[in-house]
2 protein chains.
Amino acid sequence: MEAARGAFAEHGSEAQMEDVARRAGVGVGTVYRHFPTKQALAEALIGERFDHTIAYVRGLVDDEPDAWRALERCFEHCAARQAKDRAWAGALVEMAGGMMGPREDQKHELLALLDTLLVRARAAGVVREDLVATDMPALFCALASVVQAGGDGWRRYLELLLDGLRPPARS
Amino acid sequence: MEAARGAFAEHGSEAQMEDVARRAGVGVGTVYRHFPTKQALAEALIGERFDHTIAYVRGLVDDEPDAWRALERCFEHCAARQAKDRAWAGALVEMAGGMMGPREDQKHELLALLDTLLVRARAAGVVREDLVATDMPALFCALASVVQAGGDGWRRYLELLLDGLRPPARS
DNA sequence: AAAGATACGGAAGCGAGATTCCGTTTGTCA
DNA sequence: TGACAAACGGAATCTCGCTTCCGTATCTTT
């Protein structure tokens with residue numbers, strides 16, 4: 001039934017239960033037998049996305065020796081996913097906003113990983129000194145709105161954003 | 001009845017007609033006597049905002065001799081307004097997305113003014129050569145999401161964004 | 001001051017979606 | 001194969017906002 005992913009990816013939280021059911025080829029009742037409420041379904045999907053993202057960033061921490069490149073890939077991955085998934089974009093906005101609510105642990109884990117990347121990047125002198133992990137969600141969020149707005153060409157804006165992260169005295 | 005501004009500023013397009021009526025101290029019927037539909041009311045308010053913004057930017061074009069400072073003030077003004085007005089943020093997203101729809105003329109006018117600022121800035125060598133007027137809505141939009149997300153401290157992100165606009169070879 | 005016109009307020013009507021419920025189908029066990 | 005249980009599908013139900021409508025209050029005109 002997780003093919004409901006498609007519906008949420010396409011319509012974000014506006015996705016309709018009936019649409020989800022139709023895509024899965026079942027009746028709405030069946031959907032409700034797996035998830036008590038639309039909210040629950042949405043959260044399950046978002047949790048899944050967090051897991052994917054955490055795994056990806058962990059991969060960067062472990063395997064990407066170039067600190068700057070790691071950040072670059074991090075943003076790139078995030079943007080690319082948002083381009084395909086409206087619900088994820090929404091989740092990020094929520095994360096950037098009140099840092100509260102459910103999935104506290106996942107958010108925390110992700111922030112910790114991002115912090116690791118930033119510590120390395122700062123040590124290597126490839127980013128501004130004042131950039132901290134909690135800034136990242138906000139930046140992802142900014143990127144999200146651009147990605148959503150003009151479907152194409154978000155790469156240009158990504159580059160622009162990355163330029164802004166470089167240390168004041170350019171290399 | 002334009003005190004309905006408050007409702008839309010606070011809740012964006014989610015504002016409810018009944019709330020609008022309550023704030024205005026009238027019945028919903030009266031609201032509908034002035035605007036045939038919620039959509040119409042929203043558009044009227046947005047049109048108003050466009051006018052304000054156009055006027056502000058025109059002021060910059062006319063009175064701000066420093067090309068870079070003009071851009072800076074432009075973004076600053078935009079962000080500050082978004083912080084107080086969710087509906088405006090929504091309008092920008094829409095503008096950045098499909099460049100179509102109503103208010104074609106206002107959008108055009110605003111873009112023309114922004115273009116003037118950019119032409120000057122590029123001539124003065126204070127921004128990247130590849131920045132064009134149509135990028136601005138997307139950037140405003142990016143800023144918008146940050147402003148909305150974490151109420152405070154959007155100034156930091158604004159600075160970051162502006163840094164990204166500087167020419168590759170920093171002054 | 002009375003008749004007619006105009007503007008009001010807010011309850012009733014609707015449409016869109018989420019959620020619930022129950023008759024039916026499919027699968028299991030003896 | 002027959003009885004019982006679990007899973008289905010999707011119509012009926014509920015809720016929430018927008019929009020419409022009508023009896024009442026206010027203002028104009030003579």
# chains A, B, ... in the order shown; residues from 1 in each chain; ligands from 1

$ closest_atom_pairs --of "chain A" --to "chain D" --cutoff "10 Å" --atoms "only C-alpha atoms (C1' of nucleotides)" --output "Markdown table"
| residue | atom | partner | partner_atom | distance |
| --- | --- | --- | --- | --- |
| A:Val26 | CA | D:DG9 | C1' | 7.3 |
| A:Gly27 | CA | D:DG9 | C1' | 4.9 |
| A:Val28 | CA | D:DG10 | C1' | 7.4 |
| A:Gly29 | CA | D:DG9 | C1' | 6.9 |
| A:Thr30 | CA | D:DC8 | C1' | 6.7 |
| A:Arg33 | CA | D:DA7 | C1' | 9.0 |

$ interface_residues --of "chain A" --to "chain C" --cutoff "8 Å" --atoms "only C-alpha atoms (C1' of nucleotides)" --output "ChimeraX atom specification"
/A:16-17,37-38

$ select_by_dssp --residues "chain B" --states "helix (DSSP H, G or I)" --output "ChimeraX atom specification"
/B:2-14,17-24,28-34,38-63,67-84,86-96,104-123,135-149,154-165

$ atom_distance --atom1 "CA of Ala40 in chain A" --atom2 "CA of Arg81 in chain A"
21.6 Å

$ closest_residue --among "B:Arg156, B:Arg103, B:Arg49, B:His34" --to "chain A" --atoms "only C-alpha atoms"
B:Arg156

$ atom_distance --atom1 "CA of Ala149 in chain B" --atom2 "CA of Ala7 in chain A"
24.9 Å

$ residues_around --residues "Leu92 in chain A" --least-positions-apart "6" --cutoff "12 Å" --atoms "only C-alpha atoms (C1' of nucleotides)" --output "compact mmCIF listing (two decimals) with C-alpha atoms, in the first residue's frame"
# COMPACT_ATOMS: atom_id res chain seq x y z
CA ILE A 46 7.75 11.38 6.08
CA GLY A 47 9.46 9.15 8.60
CA ARG A 49 11.99 9.99 3.92
CA PHE A 50 13.87 11.07 7.01
CA THR A 53 18.00 11.23 4.06
CA CYS A 78 17.97 17.36 -0.90
CA ALA A 79 16.90 19.57 -3.79
CA ARG A 81 14.39 14.87 -3.90
CA GLN A 82 12.20 17.90 -3.34
CA ASP A 85 8.33 15.05 -3.80
CA ARG A 86 6.14 17.85 -2.54
CA GLY A 98 9.11 24.84 15.16
CA MET A 99 11.89 22.39 15.81
CA LYS A 107 15.56 15.36 13.38
CA LEU A 110 20.03 14.40 11.04
CA MET A 136 20.68 23.90 7.34
CA PRO A 137 16.96 23.14 7.58
CA ALA A 138 16.21 26.77 6.84
CA LEU A 139 18.48 26.67 3.83
CA PHE A 140 16.99 23.43 2.59
CA CYS A 141 13.70 25.10 3.03
CA ALA A 142 14.72 28.09 0.97
CA LEU A 143 15.92 25.78 -1.72
CA ALA A 144 12.64 23.92 -1.52
CA SER A 145 10.55 26.93 -2.41
CA SER B 145 10.19 30.37 3.13
CA VAL B 146 12.98 31.20 5.52
CA ALA B 149 9.82 29.12 8.95
CA GLY B 150 11.91 30.65 11.68

$ closest_residue --among "A:Pro168, A:Gly97, A:Gly90, A:Gly25" --to "chain B" --atoms "only C-alpha atoms"
A:Gly97

$ residues_around --residues "Cys74 in chain A" --least-positions-apart "2" --cutoff "12 Å" --atoms "only C-alpha atoms (C1' of nucleotides)" --output "count of residues only"
33

$ closest_residue --among "A:Glu43, A:Pro65, A:His108, A:Ala83" --to "Ala124 in chain A" --atoms "only C-alpha atoms"
A:Pro65

$ closest_residue --among "B:Ala4, B:Val93, B:Arg122, B:Ala112" --to "chain A" --atoms "only C-alpha atoms"
B:Val93
